[in-house]
$ cat model10.cif   # mmCIF, C-alpha atoms
data_data
loop_
_atom_site.label_atom_id
_atom_site.label_comp_id
_atom_site.auth_asym_id
_atom_site.auth_seq_id
_atom_site.Cartn_x
_atom_site.Cartn_y
_atom_site.Cartn_z
CA MET A 1 20.71 32.59 -92.26
CA ASN A 2 19.77 30.51 -89.30
CA SER A 3 22.21 27.77 -90.25
CA LEU A 4 24.98 30.36 -90.69
CA MET A 5 24.33 31.72 -87.22
CA GLY A 6 24.37 28.17 -85.91
CA PHE A 7 27.74 27.62 -87.56
CA PHE A 8 29.22 30.71 -85.91
CA GLY A 9 27.56 29.72 -82.66
CA ARG A 10 29.22 26.32 -82.71
CA ILE A 11 32.64 27.87 -83.34
CA GLY A 12 32.05 30.31 -80.52
CA ALA A 13 30.91 27.64 -78.11
CA ALA A 14 33.86 25.40 -78.98
CA THR A 15 36.34 28.25 -78.47
CA ARG A 16 34.77 29.20 -75.16
CA GLY A 17 34.76 25.60 -74.00
CA GLU A 18 38.43 25.12 -74.94
CA THR A 19 39.44 28.36 -73.26
CA ALA A 20 37.56 27.41 -70.13
CA ASP A 21 39.27 23.98 -70.13
CA ILE A 22 42.71 25.55 -70.52
CA GLY A 23 41.92 28.02 -67.76
CA ALA A 24 40.67 25.29 -65.43
CA SER A 25 43.76 23.14 -66.02
CA ALA A 26 46.09 26.11 -65.52
CA ARG A 27 44.31 26.92 -62.28
CA LEU A 28 44.61 23.33 -61.09
CA PHE A 29 48.33 23.42 -61.98
CA VAL A 30 48.88 26.51 -59.84
CA GLN A 31 46.68 25.17 -57.04
CA LEU A 32 48.71 21.95 -56.92
CA PHE A 33 51.77 24.01 -56.03
CA LEU A 34 49.94 26.41 -53.70
CA ARG A 35 48.19 23.67 -51.75
CA SER A 36 51.13 21.28 -51.45
CA GLY A 37 51.74 22.41 -47.86
CA THR A 38 49.86 19.45 -46.40
CA ALA A 39 51.77 17.04 -48.63
CA LEU A 40 55.04 18.48 -47.34
CA ARG A 41 54.02 18.64 -43.67
CA ARG A 42 52.57 15.16 -43.63
CA PHE A 43 55.34 13.77 -45.77
CA ARG A 44 54.10 10.22 -45.18
CA LEU A 45 51.33 10.96 -47.72
CA THR A 46 53.92 11.89 -50.34
CA SER A 47 56.36 9.12 -49.56
CA ASP A 48 53.57 6.57 -49.92
CA GLN A 49 52.99 7.93 -53.41
CA VAL A 50 56.73 7.77 -54.15
CA PHE A 51 56.49 4.12 -53.18
CA PHE A 52 53.53 3.44 -55.48
CA LEU A 53 54.83 5.49 -58.43
CA GLY A 54 58.57 4.96 -58.04
CA ASN A 55 59.35 1.66 -56.35
CA ARG A 56 56.65 -0.23 -58.18
CA SER A 57 57.99 1.11 -61.53
CA LEU A 58 61.59 0.14 -60.78
CA SER A 59 61.37 -3.32 -62.32
CA ILE A 60 59.98 -2.19 -65.69
CA ILE A 61 62.37 0.78 -65.80
CA GLY A 62 65.37 -1.35 -64.92
CA VAL A 63 64.62 -4.11 -67.41
CA SER A 64 63.82 -1.64 -70.21
CA GLY A 65 66.99 0.33 -69.50
CA LEU A 66 69.08 -2.82 -69.61
CA PHE A 67 67.69 -3.90 -72.96
CA VAL A 68 67.85 -0.41 -74.47
CA GLY A 69 71.53 -0.37 -73.46
CA PHE A 70 72.09 -3.81 -75.03
CA VAL A 71 70.50 -2.77 -78.32
CA LEU A 72 72.23 0.62 -78.46
CA ALA A 73 75.61 -1.02 -78.00
CA LEU A 74 74.94 -3.66 -80.67
CA GLN A 75 73.57 -1.22 -83.24
CA GLY A 76 76.19 1.40 -82.50
CA TYR A 77 78.95 -1.18 -82.83
CA TYR A 78 77.85 -2.29 -86.29
CA THR A 79 77.92 1.28 -87.58
CA LEU A 80 81.02 2.49 -85.75
CA GLN A 81 83.22 -0.46 -86.64
CA ARG A 82 82.97 0.55 -90.32
CA TYR A 83 84.86 3.69 -89.45
CA GLY A 84 87.31 1.88 -87.23
CA SER A 85 86.13 3.57 -84.06
CA ALA A 86 84.32 0.78 -82.26
CA GLU A 87 85.65 2.07 -78.92
CA ALA A 88 83.39 5.10 -79.27
CA VAL A 89 80.41 2.83 -78.66
CA GLY A 90 80.60 3.70 -74.95
CA LEU A 91 80.33 7.38 -75.77
CA LEU A 92 77.43 6.72 -78.13
CA VAL A 93 75.52 4.69 -75.56
CA ALA A 94 76.14 7.16 -72.74
CA LEU A 95 75.29 10.29 -74.70
CA SER A 96 72.11 8.92 -76.24
CA LEU A 97 70.93 7.55 -72.89
CA VAL A 98 71.79 10.53 -70.73
CA ARG A 99 70.57 13.19 -73.15
CA GLU A 100 67.54 11.64 -74.81
CA LEU A 101 66.53 8.06 -74.25
CA GLY A 102 66.80 8.06 -70.46
CA PRO A 103 64.36 10.92 -69.84
CA VAL A 104 62.07 10.27 -72.81
CA VAL A 105 61.65 6.50 -72.61
CA THR A 106 61.32 6.68 -68.84
CA ALA A 107 58.62 9.32 -69.21
CA LEU A 108 56.72 7.21 -71.74
CA LEU A 109 56.96 4.13 -69.52
CA PHE A 110 56.07 6.21 -66.48
CA ALA A 111 52.95 7.49 -68.27
CA GLY A 112 51.92 3.94 -69.07
CA ARG A 113 52.83 2.40 -65.73
CA ALA A 114 52.12 5.13 -63.19
CA GLY A 115 50.11 7.80 -65.00
CA THR A 116 47.28 5.45 -65.92
CA SER A 117 46.99 4.16 -62.37
CA LEU A 118 46.82 7.73 -61.07
CA THR A 119 44.06 8.65 -63.53
CA ALA A 120 42.07 5.51 -62.82
CA GLU A 121 42.42 5.97 -59.07
CA ILE A 122 41.29 9.60 -59.07
CA GLY A 123 38.60 8.91 -61.65
CA LEU A 124 37.16 6.07 -59.60
CA MET A 125 37.29 8.20 -56.46
CA LYS A 126 35.32 10.78 -58.38
CA ALA A 127 32.88 8.22 -59.79
CA GLY A 128 32.37 6.77 -56.32
CA GLU A 129 31.78 10.32 -55.03
CA GLN A 130 34.59 9.96 -52.52
CA LEU A 131 36.01 13.33 -53.55
CA THR A 132 32.63 14.96 -52.96
CA ALA A 133 32.37 13.21 -49.62
CA MET A 134 35.78 14.61 -48.62
CA GLU A 135 34.64 18.10 -49.51
CA MET A 136 31.54 17.56 -47.39
CA MET A 137 33.82 16.75 -44.46
CA ALA A 138 35.77 19.96 -45.17
CA VAL A 139 38.79 18.01 -46.39
CA ASP A 140 40.25 19.61 -49.50
CA PRO A 141 40.75 16.82 -52.06
CA VAL A 142 43.38 18.88 -53.88
CA ARG A 143 45.44 19.06 -50.67
CA ARG A 144 44.77 15.57 -49.45
CA VAL A 145 44.61 13.53 -52.66
CA LEU A 146 46.11 15.37 -55.64
CA ALA A 147 49.07 17.30 -54.21
CA PRO A 148 50.80 14.27 -52.58
CA ARG A 149 50.48 12.34 -55.84
CA PHE A 150 51.83 15.31 -57.80
CA LEU A 151 54.84 15.66 -55.52
CA GLY A 152 55.40 11.92 -55.48
CA GLY A 153 55.48 11.83 -59.27
CA ILE A 154 57.87 14.76 -59.45
CA ILE A 155 60.23 13.07 -56.98
CA ALA A 156 60.01 9.62 -58.54
CA MET A 157 60.43 10.48 -62.23
CA PRO A 158 63.99 11.99 -62.25
CA LEU A 159 65.22 9.18 -60.02
CA LEU A 160 63.70 6.60 -62.35
CA ALA A 161 65.29 8.31 -65.36
CA ALA A 162 68.69 8.27 -63.63
CA VAL A 163 68.27 4.57 -62.85
CA PHE A 164 67.27 3.95 -66.47
CA SER A 165 70.37 5.70 -67.84
CA ALA A 166 72.74 4.07 -65.36
CA VAL A 167 71.35 0.58 -65.98
CA GLY A 168 71.43 1.26 -69.72
CA ILE A 169 75.11 2.19 -69.58
CA ILE A 170 75.81 -0.99 -67.64
CA GLY A 171 73.85 -2.89 -70.29
CA GLY A 172 75.90 -1.24 -73.02
CA TRP A 173 79.07 -2.21 -71.17
CA LEU A 174 77.86 -5.83 -70.88
CA VAL A 175 77.41 -6.08 -74.63
CA ALA A 176 80.43 -4.04 -75.69
CA VAL A 177 83.12 -5.34 -73.34
CA PRO A 178 82.46 -9.00 -72.44
CA LEU A 179 80.41 -9.91 -75.54
CA ILE A 180 82.02 -7.97 -78.43
CA GLY A 181 85.41 -7.62 -76.81
CA ILE A 182 86.00 -3.87 -76.94
CA ASP A 183 88.76 -2.71 -74.61
CA ALA A 184 87.22 -1.74 -71.28
CA GLY A 185 89.61 1.15 -70.70
CA ALA A 186 88.86 2.71 -74.09
CA PHE A 187 85.13 2.21 -73.52
CA TRP A 188 85.13 4.18 -70.26
CA SER A 189 87.70 6.79 -71.22
CA GLN A 190 85.93 7.69 -74.48
CA MET A 191 82.73 8.00 -72.49
CA GLN A 192 84.32 10.19 -69.85
CA GLY A 193 86.01 12.31 -72.50
CA GLY A 194 82.75 13.06 -74.28
CA VAL A 195 80.08 13.28 -71.57
CA ASP A 196 79.98 16.58 -69.73
CA VAL A 197 78.54 16.54 -66.23
CA TRP A 198 76.55 19.76 -66.45
CA ALA A 199 75.82 20.00 -70.17
CA ASP A 200 74.76 16.37 -70.59
CA VAL A 201 73.95 14.74 -67.25
CA GLY A 202 72.55 17.96 -65.76
CA ASN A 203 70.39 18.82 -68.75
CA GLY A 204 69.12 15.26 -68.90
CA PHE A 205 68.14 15.58 -65.23
CA ILE A 206 66.28 18.84 -65.94
CA LYS A 207 64.49 17.15 -68.83
CA SER A 208 63.37 14.26 -66.64
CA LEU A 209 62.13 16.71 -63.99
CA VAL A 210 60.06 18.57 -66.59
CA PHE A 211 58.68 15.30 -67.95
CA GLY A 212 57.83 14.17 -64.43
CA ILE A 213 55.81 17.33 -63.86
CA THR A 214 54.14 16.96 -67.27
CA VAL A 215 53.15 13.32 -67.02
CA THR A 216 51.96 13.50 -63.41
CA PHE A 217 49.97 16.67 -64.06
CA VAL A 218 48.29 15.27 -67.19
CA ALA A 219 47.37 12.09 -65.32
CA LEU A 220 45.91 14.00 -62.36
CA LEU A 221 44.05 16.44 -64.63
CA GLN A 222 42.48 13.64 -66.66
CA GLY A 223 41.34 11.89 -63.51
CA TRP A 224 40.11 15.13 -61.94
CA THR A 225 38.07 16.21 -64.97
CA CYS A 226 36.82 12.83 -66.21
CA LYS A 227 33.15 11.93 -66.51
CA PRO A 228 32.22 10.06 -63.31
CA THR A 229 31.14 6.93 -65.16
CA PRO A 230 32.97 3.70 -65.99
CA GLU A 231 33.25 4.84 -69.63
CA GLY A 232 34.48 8.25 -68.57
CA VAL A 233 37.22 6.73 -66.42
CA SER A 234 38.35 4.40 -69.20
CA GLN A 235 38.43 7.25 -71.71
CA ALA A 236 40.37 9.43 -69.29
CA THR A 237 42.91 6.65 -68.76
CA THR A 238 43.43 6.32 -72.50
CA ARG A 239 43.73 10.09 -72.87
CA THR A 240 46.37 10.17 -70.12
CA VAL A 241 48.67 7.93 -72.15
CA VAL A 242 48.04 9.71 -75.46
CA VAL A 243 48.24 13.27 -74.19
CA SER A 244 51.21 12.79 -71.88
CA SER A 245 53.19 10.86 -74.50
CA LEU A 246 52.63 13.55 -77.12
CA ALA A 247 53.37 16.30 -74.60
CA VAL A 248 56.62 14.59 -73.58
CA LEU A 249 57.76 14.20 -77.19
CA GLY A 250 56.87 17.80 -78.08
CA LEU A 251 58.51 19.20 -74.93
CA ASP A 252 61.56 17.05 -75.59
CA PHE A 253 62.05 18.68 -78.97
CA MET A 254 61.75 22.15 -77.48
CA LEU A 255 64.05 21.40 -74.54
CA THR A 256 66.64 19.81 -76.84
CA ALA A 257 66.52 22.81 -79.16
CA MET A 258 67.09 25.12 -76.19
CA MET A 259 69.74 23.07 -74.39
CA PHE A 260 71.95 21.57 -77.04
CA SER A 261 71.70 23.76 -80.13
CA ILE A 262 73.65 26.68 -78.70
CA MET B 1 53.48 2.74 -37.70
CA GLU B 2 51.94 0.49 -40.28
CA ASN B 3 53.83 2.20 -43.06
CA SER B 4 57.35 1.66 -41.79
CA LYS B 5 58.04 -1.05 -44.37
CA HIS B 6 57.06 1.35 -47.15
CA ASP B 7 59.40 3.94 -45.70
CA ALA B 8 62.35 1.61 -45.93
CA TRP B 9 61.56 0.81 -49.55
CA VAL B 10 61.10 4.48 -50.41
CA GLY B 11 64.43 5.24 -48.80
CA PHE B 12 65.99 2.42 -50.80
CA PHE B 13 64.47 3.82 -54.00
CA VAL B 14 65.69 7.36 -53.35
CA LEU B 15 69.19 6.12 -52.49
CA LEU B 16 69.22 3.99 -55.65
CA GLY B 17 68.27 7.01 -57.73
CA ALA B 18 70.95 9.11 -56.07
CA ALA B 19 73.50 6.36 -56.64
CA ALA B 20 72.50 6.20 -60.30
CA LEU B 21 72.99 9.97 -60.65
CA LEU B 22 76.35 9.71 -58.92
CA PHE B 23 77.33 6.87 -61.24
CA LEU B 24 76.38 8.97 -64.27
CA ALA B 25 78.34 11.94 -62.98
CA LEU B 26 81.47 10.06 -61.94
CA LYS B 27 81.72 7.07 -64.24
CA ALA B 28 80.09 8.34 -67.43
CA GLY B 29 80.81 12.03 -66.96
CA ASN B 30 84.06 13.77 -66.26
CA LEU B 31 83.45 15.21 -62.82
CA LEU B 32 86.59 13.62 -61.41
CA THR B 33 88.92 14.76 -64.15
CA MET B 34 87.38 18.21 -64.31
CA ASN B 35 87.17 19.76 -60.90
CA PHE B 36 89.52 18.19 -58.47
CA ASP B 37 92.84 19.21 -59.98
CA SER B 38 93.98 22.71 -59.16
CA THR B 39 95.35 24.52 -62.18
CA TYR B 40 97.19 27.65 -63.29
CA GLN B 41 96.37 29.67 -66.36
CA VAL B 42 98.67 30.54 -69.20
CA GLN B 43 97.87 32.04 -72.56
CA ALA B 44 98.97 31.38 -76.10
CA ARG B 45 98.29 33.15 -79.40
CA PHE B 46 97.71 31.26 -82.60
CA ASP B 47 97.35 32.45 -86.19
CA ASN B 48 94.82 29.70 -86.77
CA ILE B 49 93.32 27.33 -84.24
CA GLY B 50 91.63 25.05 -86.78
CA GLY B 51 88.96 23.03 -85.00
CA LEU B 52 90.21 23.45 -81.44
CA LYS B 53 87.42 23.69 -78.88
CA PRO B 54 87.14 24.67 -75.21
CA HIS B 55 87.81 21.66 -72.89
CA ALA B 56 90.18 20.18 -75.47
CA ALA B 57 93.14 18.37 -73.94
CA VAL B 58 96.61 19.87 -73.56
CA LYS B 59 99.15 17.08 -73.86
CA SER B 60 102.84 16.77 -73.45
CA ALA B 61 104.53 13.55 -74.50
CA GLY B 62 101.01 12.22 -75.01
CA VAL B 63 99.99 12.74 -71.38
CA VAL B 64 97.16 15.14 -70.56
CA VAL B 65 98.65 18.03 -68.58
CA GLY B 66 95.80 20.53 -68.86
CA ARG B 67 92.69 21.72 -70.63
CA VAL B 68 91.78 24.57 -72.95
CA GLU B 69 89.72 27.02 -70.92
CA SER B 70 88.57 29.50 -73.54
CA ILE B 71 89.27 30.70 -77.07
CA VAL B 72 88.65 34.29 -78.10
CA PHE B 73 89.55 36.31 -81.17
CA ASP B 74 91.76 39.32 -80.42
CA ASP B 75 91.08 42.05 -82.98
CA LYS B 76 94.14 44.04 -81.90
CA ILE B 77 96.54 41.46 -83.26
CA PHE B 78 94.11 39.47 -85.43
CA GLN B 79 95.03 36.24 -83.73
CA ALA B 80 93.19 33.73 -81.59
CA ARG B 81 93.94 34.04 -77.88
CA VAL B 82 93.72 30.65 -76.19
CA THR B 83 93.60 30.42 -72.41
CA ILE B 84 95.00 27.15 -71.08
CA ASN B 85 94.60 25.63 -67.62
CA LEU B 86 97.70 23.62 -66.76
CA TYR B 87 97.68 21.24 -63.81
CA LYS B 88 99.51 22.58 -60.76
CA ASN B 89 101.80 19.60 -60.46
CA VAL B 90 103.39 20.04 -63.90
CA ALA B 91 105.86 22.83 -64.65
CA PHE B 92 107.10 23.86 -68.08
CA PRO B 93 110.02 26.10 -69.10
CA LYS B 94 109.11 29.61 -70.24
CA ASP B 95 110.15 28.99 -73.85
CA SER B 96 108.00 25.92 -74.38
CA THR B 97 106.25 25.54 -77.72
CA ALA B 98 102.50 25.06 -78.10
CA LYS B 99 101.33 23.29 -81.25
CA ILE B 100 97.83 22.47 -82.37
CA LEU B 101 97.80 18.81 -83.34
CA THR B 102 95.20 16.29 -84.40
CA ALA B 103 94.63 12.92 -82.76
CA GLY B 104 94.46 10.41 -85.58
CA LEU B 105 93.24 11.19 -89.07
CA LEU B 106 89.74 12.35 -88.15
CA GLY B 107 90.25 12.83 -84.44
CA GLU B 108 89.83 15.74 -82.08
CA GLN B 109 92.34 18.55 -82.09
CA TYR B 110 94.45 19.17 -79.03
CA ILE B 111 97.37 21.32 -77.98
CA GLY B 112 100.76 19.67 -77.79
CA LEU B 113 103.25 21.31 -75.42
CA GLU B 114 106.93 20.82 -76.15
CA PRO B 115 109.21 21.84 -73.31
CA GLY B 116 111.91 24.35 -74.06
CA ALA B 117 115.22 24.86 -72.31
CA ASP B 118 114.67 28.04 -70.28
CA GLU B 119 115.74 28.06 -66.63
CA LYS B 120 112.51 29.76 -65.54
CA ASN B 121 109.17 28.03 -65.58
CA LEU B 122 105.82 29.24 -66.86
CA ALA B 123 103.83 30.94 -64.12
CA ALA B 124 100.17 31.88 -63.92
CA GLY B 125 99.27 34.58 -66.44
CA ASP B 126 102.33 34.00 -68.64
CA LEU B 127 102.21 33.96 -72.41
CA ILE B 128 103.56 31.07 -74.43
CA LYS B 129 105.47 32.90 -77.13
CA SER B 130 106.33 30.25 -79.67
CA THR B 131 103.26 28.62 -81.15
CA GLN B 132 102.45 26.62 -84.23
CA SER B 133 99.02 26.88 -85.82
CA ALA B 134 96.71 24.12 -86.85
CA VAL B 135 97.20 22.61 -90.26
CA VAL B 136 94.37 23.71 -92.53
CA LEU B 137 93.64 21.08 -95.13
CA GLU B 138 92.71 23.60 -97.86
CA ASN B 139 95.97 25.51 -97.42
CA LEU B 140 97.88 22.26 -97.49
CA ILE B 141 96.16 21.14 -100.71
CA GLY B 142 96.63 24.61 -102.21
CA GLN B 143 100.32 24.49 -101.40
CA PHE B 144 100.62 21.01 -102.85
CA LEU B 145 98.84 22.06 -106.06
CA ASN B 146 100.99 25.15 -106.38
CA ASN B 147 104.15 23.12 -105.99
CA LYS B 148 102.86 20.57 -108.47
CA ALA B 149 101.92 23.28 -110.94
CA ALA B 150 105.30 24.92 -110.59
CA GLU B 151 106.96 21.55 -111.12
CA MET B 152 104.80 20.82 -114.16
CA GLY B 153 105.50 24.31 -115.45
CA THR B 154 109.25 23.89 -115.33
CA SER B 155 109.21 20.34 -116.67
CA ASN B 156 106.73 21.24 -119.43
CA ALA B 157 108.57 24.37 -120.42
CA ALA B 158 111.70 22.49 -121.40
CA PRO B 159 110.19 19.93 -123.84
CA ALA B 160 107.59 22.37 -125.10
CA GLY B 161 110.13 25.12 -125.62
CA ALA B 162 112.71 22.89 -127.29
CA PRO B 163 110.78 21.88 -130.43
CA ASN B 164 109.55 25.44 -130.86
CA ALA B 165 113.02 26.76 -130.59
CA GLY B 166 114.17 24.07 -132.97
CA ALA B 167 111.37 24.87 -135.40
CA SER B 168 111.96 28.55 -135.43
CA LYS B 169 115.70 28.41 -135.62
CA PRO B 170 116.29 27.20 -139.14
#
$ encode --input "model10.cif" --output "structure tokens"
Amino acid sequence: MNSLMGFFGRIGAATRGETADIGASARLFVQLFLRSGTALRRFRLTSDQVFFLGNRSLSIIGVSGLFVGFVLALQGYYTLQRYGSAEAVGLLVALSLVRELGPVVTALLFAGRAGTSLTAEIGLMKAGEQLTAMEMMAVDPVRRVLAPRFLGGIIAMPLLAAVFSAVGIIGGWLVAVPLIGIDAGAFWSQMQGGVDVWADVGNGFIKSLVFGITVTFVALLQGWTCKPTPEGVSQATTRTVVVSSLAVLGLDFMLTAMMFSI
Amino acid sequence: MENSKHDAWVGFFVLLGAAALLFLALKAGNLLTMNFDSTYQVQARFDNIGGLKPHAAVKSAGVVVGRVESIVFDDKIFQARVTINLYKNVAFPKDSTAKILTAGLLGEQYIGLEPGADEKNLAAGDLIKSTQSAVVLENLIGQFLNNKAAEMGTSNAAPAGAPNAGASKP
């Protein structure tokens, strides 16, 4: 009897703990928006974060985009040439980059490159009791520390995704036109005929915005709620990558189903 | 102003992102071909539009002269009503013919406009009266089979009928 009660008790405690966690993260999410006034007024705080999250990620995003474009063009060419439509490789590269690979791969790289550093930074501030010290001085850490990073991530991520897609298309062009020898005019005109500005480029932009919010929020939440020990910070950093990658992939499926299935 | 170097780099980053978006919209997308030509609308009715889609090209002599705006089914006449945006700088006679054609064997379908000989030109809101529907592969095959069957029927009837007639006659 006692063990049965203990079993129910554990289920109850786990449910309550999960619910409390979800509630706390939802409250932090809302607070990040409500208390972003300081980050907007003192925009220097935010622009510094754009520098750390965006500029510093440019090299990895650019190089990855270039190589993803190379590979897409090569693989697409081998399949398309069987059907005698090798010129459509431009369309293939552009559509896959703008709709899917640009936002998703950028978000995954962004989680690894920028999300981890956010989590580690906030976690170490917490472990070093800097956040508590700020509260003691009546400085709200959510306003001063979290909100500028949140805004910076939201600004940086769509721009990075756009750079990724653009560089990828240039990479695809480099392989398709000078290397394989596809006609340049057909390459661009097929692309322009098939890519719609609002349906494809616009929806890809919305996707990257959503992923930016997701990844930055997960990173900040993990840092904010981590155990203030070296182990806690390292676990939180790992969780940032795992959780934000899975969230991005799941959200991508839902967004794609909503945007492109109709 | 210790941060002024950062500011320049952030500005560079934001401009680069904006340039990338612009590149995607202009070079990869169809913003230029879509919005900057002023158009006038005409309508056409087809018995069958096949696989025609909105935004499909309207071509004359192979040159794009407009786009399909919308396709709706009209249950008064049981035909498809296709609204076409023609570019302002091209004019067509009132009795022009609209045909639904296919680019290549597996390609996209588009509307081919063949100019007529009328003195007056199509104006906004006009209806293109003479149209030709899309070719439906099943109908084409059905027609071909029917013709073949009819051919076989007539050619079989003669040899098959002759021995019978010969056998029954004596």
$ closest_residue --input "model10.cif" --among "A:Arg27, A:Arg44, A:Arg144, A:Lys207" --to "chain B" --atoms "all atoms listed in the file"
A:Arg44
$ residues_around --input "model10.cif" --residues "Gly204 in chain A" --least-positions-apart "3" --cutoff "8 Å" --atoms "only C-alpha atoms" --output "number ranges by chain"
A: 98-100, 102-103, 200-201, 207-208
$ residues_around --input "model10.cif" --residues "Lys129 in chain B" --least-positions-apart "6" --cutoff "10 Å" --atoms "all atoms listed in the file" --output "PyMOL selection string"
chain B and resi 43-46+94-98
$ residues_around --input "model10.cif" --residues "Val167 in chain A" --least-positions-apart "6" --cutoff "10 Å" --atoms "all atoms listed in the file" --output "PyMOL selection string"
(chain A and resi 61-69+97+102+161+173) or (chain B and resi 20+23-24)
$ write_last_selection --input "model10.cif" --atoms "C-alpha atoms" --output "JSON list (two decimals), in the coordinates of the input"
[["chain", "number", "residue", "atom", "x", "y", "z"],
["A", 61, "ILE", "CA", 62.37, 0.78, -65.80],
["A", 62, "GLY", "CA", 65.37, -1.35, -64.92],
["A", 63, "VAL", "CA", 64.62, -4.11, -67.41],
["A", 64, "SER", "CA", 63.82, -1.64, -70.21],
["A", 65, "GLY", "CA", 66.99, 0.33, -69.50],
["A", 66, "LEU", "CA", 69.08, -2.82, -69.61],
["A", 67, "PHE", "CA", 67.69, -3.90, -72.96],
["A", 68, "VAL", "CA", 67.85, -0.41, -74.47],
["A", 69, "GLY", "CA", 71.53, -0.37, -73.46],
["A", 97, "LEU", "CA", 70.93, 7.55, -72.89],
["A", 102, "GLY", "CA", 66.80, 8.06, -70.46],
["A", 161, "ALA", "CA", 65.29, 8.31, -65.36],
["A", 173, "TRP", "CA", 79.07, -2.21, -71.17],
["B", 20, "ALA", "CA", 72.50, 6.20, -60.30],
["B", 23, "PHE", "CA", 77.33, 6.87, -61.24],
["B", 24, "LEU", "CA", 76.38, 8.97, -64.27]]
$ resolve_selection --input "model10.cif" --expression "the PyMOL selection byres ((chain A and resi 124) around 10)" --output "PDB file with C-alpha atoms, keeping the file's coordinate frame"
ATOM      1  CA  LEU A 118      46.820   7.730 -61.070  1.00  0.00           C
ATOM      2  CA  THR A 119      44.060   8.650 -63.530  1.00  0.00           C
ATOM      3  CA  ALA A 120      42.070   5.510 -62.820  1.00  0.00           C
ATOM      4  CA  GLU A 121      42.420   5.970 -59.070  1.00  0.00           C
ATOM      5  CA  ILE A 122      41.290   9.600 -59.070  1.00  0.00           C
ATOM      6  CA  GLY A 123      38.600   8.910 -61.650  1.00  0.00           C
ATOM      7  CA  MET A 125      37.290   8.200 -56.460  1.00  0.00           C
ATOM      8  CA  LYS A 126      35.320  10.780 -58.380  1.00  0.00           C
ATOM      9  CA  ALA A 127      32.880   8.220 -59.790  1.00  0.00           C
ATOM     10  CA  GLY A 128      32.370   6.770 -56.320  1.00  0.00           C
ATOM     11  CA  GLU A 129      31.780  10.320 -55.030  1.00  0.00           C
ATOM     12  CA  GLN A 130      34.590   9.960 -52.520  1.00  0.00           C
ATOM     13  CA  LEU A 131      36.010  13.330 -53.550  1.00  0.00           C
ATOM     14  CA  GLY A 223      41.340  11.890 -63.510  1.00  0.00           C
ATOM     15  CA  TRP A 224      40.110  15.130 -61.940  1.00  0.00           C
ATOM     16  CA  CYS A 226      36.820  12.830 -66.210  1.00  0.00           C
ATOM     17  CA  LYS A 227      33.150  11.930 -66.510  1.00  0.00           C
ATOM     18  CA  PRO A 228      32.220  10.060 -63.310  1.00  0.00           C
ATOM     19  CA  THR A 229      31.140   6.930 -65.160  1.00  0.00           C
ATOM     20  CA  PRO A 230      32.970   3.700 -65.990  1.00  0.00           C
ATOM     21  CA  GLY A 232      34.480   8.250 -68.570  1.00  0.00           C
ATOM     22  CA  VAL A 233      37.220   6.730 -66.420  1.00  0.00           C
ATOM     23  CA  SER A 234      38.350   4.400 -69.200  1.00  0.00           C
TER      24      SER A 234
END
$ residues_around --input "model10.cif" --residues "Gly54 in chain A" --least-positions-apart "3" --cutoff "10 Å" --atoms "all atoms listed in the file" --output "list in words"
Ser47, Asp48, Gln49, Val50, Phe51, Ser57, Leu58, Ser59, Ile61, Phe110, Arg113, Ala114, Gly152, Gly153, Ile154, Ile155, Ala156, Met157, Pro158, Leu159 and Leu160 of chain A; Trp9, Val10, Phe13, Val14 and Gly17 of chain B
$ atom_distance --input "model10.cif" --atom1 "CA of Ala236 in chain A" --atom2 "CA of Gln222 in chain A"
5.4 Å
$ resolve_selection --input "model10.cif" --expression "the PyMOL selection byres ((chain A) within 6 of (chain B))" --output "number ranges by chain"
A: 51, 159, 162-163, 166, 191-192, 195-197
$ atom_distance --input "model10.cif" --atom1 "CA of Glu119 in chain B" --atom2 "CA of Pro93 in chain B"
6.5 Å
$ atom_distance --input "model10.cif" --atom1 "CA of Val145 in chain A" --atom2 "CA of Asp252 in chain A"
28.7 Å
$ resolve_selection --input "model10.cif" --expression "the PyMOL selection byres ((chain A and resi 186) around 12)" --output "list in words"
Ser85, Ala86, Glu87, Ala88, Val89, Gly90, Leu91, Trp173, Ala176, Val177, Gly181, Ile182, Asp183, Ala184, Gly185, Phe187, Trp188, Ser189, Gln190, Met191, Gln192 and Gly193 of chain A
$ write_last_selection --input "model10.cif" --atoms "C-alpha atoms" --output "mmCIF file, in the coordinates of the input"
data_model
loop_
_atom_site.group_PDB
_atom_site.id
_atom_site.type_symbol
_atom_site.label_atom_id
_atom_site.label_comp_id
_atom_site.auth_asym_id
_atom_site.auth_seq_id
_atom_site.Cartn_x
_atom_site.Cartn_y
_atom_site.Cartn_z
ATOM 1 C CA SER A 85 86.130 3.570 -84.060
ATOM 2 C CA ALA A 86 84.320 0.780 -82.260
ATOM 3 C CA GLU A 87 85.650 2.070 -78.920
ATOM 4 C CA ALA A 88 83.390 5.100 -79.270
ATOM 5 C CA VAL A 89 80.410 2.830 -78.660
ATOM 6 C CA GLY A 90 80.600 3.700 -74.950
ATOM 7 C CA LEU A 91 80.330 7.380 -75.770
ATOM 8 C CA TRP A 173 79.070 -2.210 -71.170
ATOM 9 C CA ALA A 176 80.430 -4.040 -75.690
ATOM 10 C CA VAL A 177 83.120 -5.340 -73.340
ATOM 11 C CA GLY A 181 85.410 -7.620 -76.810
ATOM 12 C CA ILE A 182 86.000 -3.870 -76.940
ATOM 13 C CA ASP A 183 88.760 -2.710 -74.610
ATOM 14 C CA ALA A 184 87.220 -1.740 -71.280
ATOM 15 C CA GLY A 185 89.610 1.150 -70.700
ATOM 16 C CA PHE A 187 85.130 2.210 -73.520
ATOM 17 C CA TRP A 188 85.130 4.180 -70.260
ATOM 18 C CA SER A 189 87.700 6.790 -71.220
ATOM 19 C CA GLN A 190 85.930 7.690 -74.480
ATOM 20 C CA MET A 191 82.730 8.000 -72.490
ATOM 21 C CA GLN A 192 84.320 10.190 -69.850
ATOM 22 C CA GLY A 193 86.010 12.310 -72.500
#
